[in-house]
Structure formats: C-alpha cells, structure tokens
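Chemist: Just dropping this structure here.
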Amino acid sequence: MARTAGSIGERTEAAIREAALGLMARRGYEAVSMRDLAAEVGVQPATLYRYFQTKEDLLFTLLVAHMQALAAGWESARPAGSTATERLAAFVDNHIRFHVARRHSAQISNTELRSLSHGRLSQVLKLRNAYEKELRAILREGRDSGDFRLDDTGLTAMAIIQMLTGVIVWFRPDDRLTVDEVAESYLNMTMRLVGAAERKRDVRQHA
C-alpha cells in the first residue's frame, strides 16, 4: 500500500512528541529550543512549525495528552460493581503502572505546569482535578461504608497521589524490584494510609 501524506505527517508528529518528551525530561522545558528538537528528530526547524507554532503549543499538547491517557486508562481499569476497597486497589495499580510506563511524560506533567500560560494551565488543572475527583469519591465511599478510617478525604487523596506519582523519581526497569512488586508495596502503603486492611494481590495476572 502506498504511503499517504497523512500517514507520514502522523509519524512525524509522533516523532516530535516523543523527542520532546525525552529532551524536556532530561534538560527541562526552558533549556530545550525548537532547533534542539528539530536536530533530535532529524528534520529542519521549519518542519516543526507545521505541527506546533510555538514551543508552548507543544508542551500544552503533551500535558493534555498525558492527562487524557491517564483518565482513559483509569476508565478501562475501573472495576464494575466493586467495593470502595477494590476500586482503590485498582486505582493504585493503574496509577503506578501508567506512570512507570510513561516516566518522561509523567515527569514533565509534574514539573512543567509552571511553563504554561494561565489559560492553558487552567485547562490542564481541570483535567487533573477531574481525575483526582475519582479518587476522592472512592475515599468518601470507603469512609461512609466504614471500610476506611480517615478524617479528611481531600488531604488523603493529595497524599496518595503524591506518593504514587513519586515512583517515577526512583524506579527503573532494571532495579531490584519489579513493577508488580512496586505496585503491591504501594498498594499496601495506601491501604495503611486509609486505615484499611492490607490486600494481597495475585501479581501473576499481569505477567
């Protein structure tokens, strides 16, 4: 089948995004120029502007894509007809695995919000709040049912999110712990945090 202009364009844009994630994760947003990015992708600088008129346009696209993928991942992972404890376990597992698999994207999402203009920052924060609202709802349900023992669901949700997302700081695929073991450990820490019993999970389901 002959390659179409559209397919070539899609591959080029994907390459730009991937290169931007790697460069910005290593150097920081401010230290990466469009010329640097063009060199990384192997195209002329003018080519980048066919896809992103400014560097902030590119950053905004990356941050929105990250949050949309995270929300979509949770939508697929959320167990139907489950208890608050089961949903919390699924939330923790999905969050850990998502961030381990997308470490560069997660790093930029948590360090480069400051580089967005006010309007665009508000849009990304709205997506983030919608995702975290899911966790707050789980915590409220668990508290009301007596499965969780906690005083402030909002504060607890923030603590859980920060703890889970922090896995990107230290985890590496060749480290002494596997992703399954990390997910299990963070699950038990989360359950202790909300005052619930630890849950042992069958990690073989992810093999």
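Ordering of the structure tokens sets the chain letters (A, B, ...); residue numbers start at 1 within each chain; ligands are numbered from 1 in the order shown.
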Excluding same-chain residues fewer than 4 positions from Ile16 of chain A, what lies within 7 Å of it counting only C-alpha atoms, as a PyMOL selection string?

Modeler: chain A and resi 12+20+41

Chemist: Can you spit out the residues from that selection as a PDB file, in the first residue's frame, using N, CA, C and O atoms?

Modeler:
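So out.pdb came out as:
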```
ATOM      1  N   THR A  12       5.519  11.827  11.711  1.00  0.00           N
ATOM      2  CA  THR A  12       6.413  12.932  12.046  1.00  0.00           C
ATOM      3  C   THR A  12       5.982  13.610  13.336  1.00  0.00           C
ATOM      4  O   THR A  12       6.809  13.901  14.204  1.00  0.00           O
ATOM      5  N   ALA A  20      10.431  15.361  22.110  1.00  0.00           N
ATOM      6  CA  ALA A  20      10.221  16.453  23.062  1.00  0.00           C
ATOM      7  C   ALA A  20      10.125  15.918  24.486  1.00  0.00           C
ATOM      8  O   ALA A  20      10.678  16.514  25.423  1.00  0.00           O
ATOM      9  N   VAL A  41      14.946  15.119  16.130  1.00  0.00           N
ATOM     10  CA  VAL A  41      14.031  14.389  15.253  1.00  0.00           C
ATOM     11  C   VAL A  41      14.672  14.106  13.898  1.00  0.00           C
ATOM     12  O   VAL A  41      14.344  13.130  13.221  1.00  0.00           O
TER      13      VAL A  41
END
```

Chemist: Env of Pro173 of chain A: 12 Å cut, atoms = only C-alpha atoms, seq-sep filter 2 positions within chain, self excluded. Answer as a list in words.

Modeler: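 Surrounding residues, per the criterion: Arg97, Val100, Ala101, Arg102, Arg103, Val167, Ile168, Trp170, Phe171, Asp175, Arg176, Leu177, Thr178, Val179, Asp180, Glu181 and Val182 of chain A.
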
Chemist: Which residue gives the smallest distance to Leu62 of chain A among A:Phe148, A:Tyr29, A:Tyr186, A:Phe98, with only C-alpha atoms counted?

Modeler: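 Selected residue with least distance to Leu62 of chain A: A:Tyr29.
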
Chemist: When you look at Ser33 of chain A with a cut-off of 12 Å (counting only C-alpha atoms), what residues show up, excluding the ones that are within fewer than 3 positions of it in the same chain? I need them as a list of chain:residue names.

Modeler: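 So the residues in contact are A:Ala19, A:Ala20, A:Leu23, A:Met24, A:Arg27, A:Gly28, A:Tyr29, A:Glu30, A:Asp36, A:Leu37, A:Ala38, A:Ala39, A:Glu40, A:Pro45, A:Leu48, A:Thr54, A:Lys55, A:Glu56, A:Leu58, A:Leu59.
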
Chemist: Would you write out those residues with C-alpha atoms, as an mmCIF file, in the first residue's frame?

Modeler:
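Okay, again-v7.cif is ready:
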```cif
data_model
loop_
_atom_site.group_PDB
_atom_site.id
_atom_site.type_symbol
_atom_site.label_atom_id
_atom_site.label_comp_id
_atom_site.auth_asym_id
_atom_site.auth_seq_id
_atom_site.Cartn_x
_atom_site.Cartn_y
_atom_site.Cartn_z
ATOM 1 C CA ALA A 19 11.644 13.507 21.118
ATOM 2 C CA ALA A 20 10.221 16.453 23.062
ATOM 3 C CA LEU A 23 14.618 16.173 25.809
ATOM 4 C CA MET A 24 12.361 18.053 28.227
ATOM 5 C CA ARG A 27 17.050 19.094 30.302
ATOM 6 C CA GLY A 28 13.867 20.861 31.362
ATOM 7 C CA TYR A 29 11.434 22.785 29.192
ATOM 8 C CA GLU A 30 13.285 26.103 29.262
ATOM 9 C CA ASP A 36 17.408 21.311 19.504
ATOM 10 C CA LEU A 37 14.197 19.409 18.976
ATOM 11 C CA ALA A 38 14.482 19.547 15.187
ATOM 12 C CA ALA A 39 18.001 18.139 15.400
ATOM 13 C CA GLU A 40 16.805 15.336 17.667
ATOM 14 C CA PRO A 45 13.386 23.594 12.261
ATOM 15 C CA LEU A 48 8.304 21.683 13.470
ATOM 16 C CA THR A 54 5.264 27.630 19.442
ATOM 17 C CA LYS A 55 7.129 25.572 21.998
ATOM 18 C CA GLU A 56 4.309 26.211 24.457
ATOM 19 C CA LEU A 58 3.913 21.575 22.005
ATOM 20 C CA LEU A 59 4.147 21.479 25.800
#
```

Chemist: Which residues are close to Trp74 of chain A, i.e. within 7 Å by only C-alpha atoms, leaving aside same-chain residues fewer than 3 positions away? Reply as a ChimeraX atom specification.

Modeler: /A:70-71,77-78,91,94

Chemist: Could you take the residues named above and write them with N, CA, C and O atoms, as a compact mmCIF listing (two decimals), in the first residue's frame?

Modeler:
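Wrote again_12.txt, looks like this:
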```txt
# COMPACT_ATOMS: atom_id res chain seq x y z
N LEU A 70 -4.17 9.16 31.00
CA LEU A 70 -4.30 8.69 32.38
C LEU A 70 -5.77 8.46 32.73
O LEU A 70 -6.12 7.43 33.32
N ALA A 71 -6.62 9.40 32.36
CA ALA A 71 -8.05 9.27 32.64
C ALA A 71 -8.65 8.09 31.87
O ALA A 71 -9.47 7.33 32.40
N ALA A 77 -9.66 0.56 33.54
CA ALA A 77 -9.25 -0.29 34.66
C ALA A 77 -10.27 -0.35 35.78
O ALA A 77 -10.25 -1.28 36.60
N ARG A 78 -11.17 0.65 35.83
CA ARG A 78 -12.12 0.71 36.94
C ARG A 78 -13.00 -0.53 36.97
O ARG A 78 -13.70 -0.83 36.00
N PHE A 91 -7.26 1.56 41.41
CA PHE A 91 -6.76 2.91 41.14
C PHE A 91 -5.26 2.98 41.37
O PHE A 91 -4.50 3.51 40.54
N ASN A 94 -3.36 0.92 38.66
CA ASN A 94 -3.35 1.59 37.36
C ASN A 94 -2.44 2.81 37.37
O ASN A 94 -1.68 3.05 36.42
```

Chemist: Could you tell me how far atom CA of Ala130 of chain A sits from atom CA of Thr85 of chain A, in Å to one decimal place?

Modeler: 20.2 Å

Chemist: Which of these residues is nearest to Leu150 of chain A, using only C-alpha atoms: A:Leu193, A:Ala25, A:Val92, A:Ala69?

Modeler: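 Answer, going by the shortest atom-to-atom distance: A:Leu193.
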
Chemist: Kindly indicate which residue among A:Glu18, A:Gly42, A:Asp144, A:Leu135 lies nearest to Ala89 of chain A, using only C-alpha atoms for the distances.

Modeler: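 For Ala89 of chain A, the nearest of the candidates is A:Leu135.
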
Chemist: Identify which of the residues A:Ala80, A:Ser117, A:Glu86, A:Met67 lies closest to Asn129 of chain A, counting only C-alpha atoms when measuring atom-to-atom distances.

Modeler: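 Checking each candidate against Asn129 of chain A, we get A:Met67 as the closest.
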
Chemist: Would you please work out which residue, of A:Asn110, A:Tyr131, A:Val194, A:Arg120, is nearest to Gln162 of chain A when using only C-alpha atoms?

Modeler: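 Answer, going by the shortest atom-to-atom distance: A:Asn110.
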
Chemist: If you run DSSP over the backbone, which residues in segment 60-191 of chain A end up alpha helix (DSSP H)? Put them as a PyMOL selection string.

Modeler: chain A and resi 60-77+84-101+103-111+118-145+153-165+167-170+179-191

Chemist: Give the answer as one residue: which of A:Met34, A:Met163, A:Leu116, A:Ile108 has the shortest atom-to-atom distance to Tyr51 of chain A, using only C-alpha atoms?

Modeler: A:Met34

Chemist: Rounded to one decimal, what separation in Å do you get between atom CA of Arg149 of chain A and atom CA of Glu134 of chain A?

Modeler: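 Interatomic distance, atom CA of Arg149 of chain A to atom CA of Glu134 of chain A: 18.2 Å.
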
Chemist: What is the atom CA of Arg143 of chain A-atom CA of Arg192 of chain A distance in Å, reported with one decimal?

Modeler: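 Straight-line distance from atom CA of Arg143 of chain A to atom CA of Arg192 of chain A works out to 13.6 Å.
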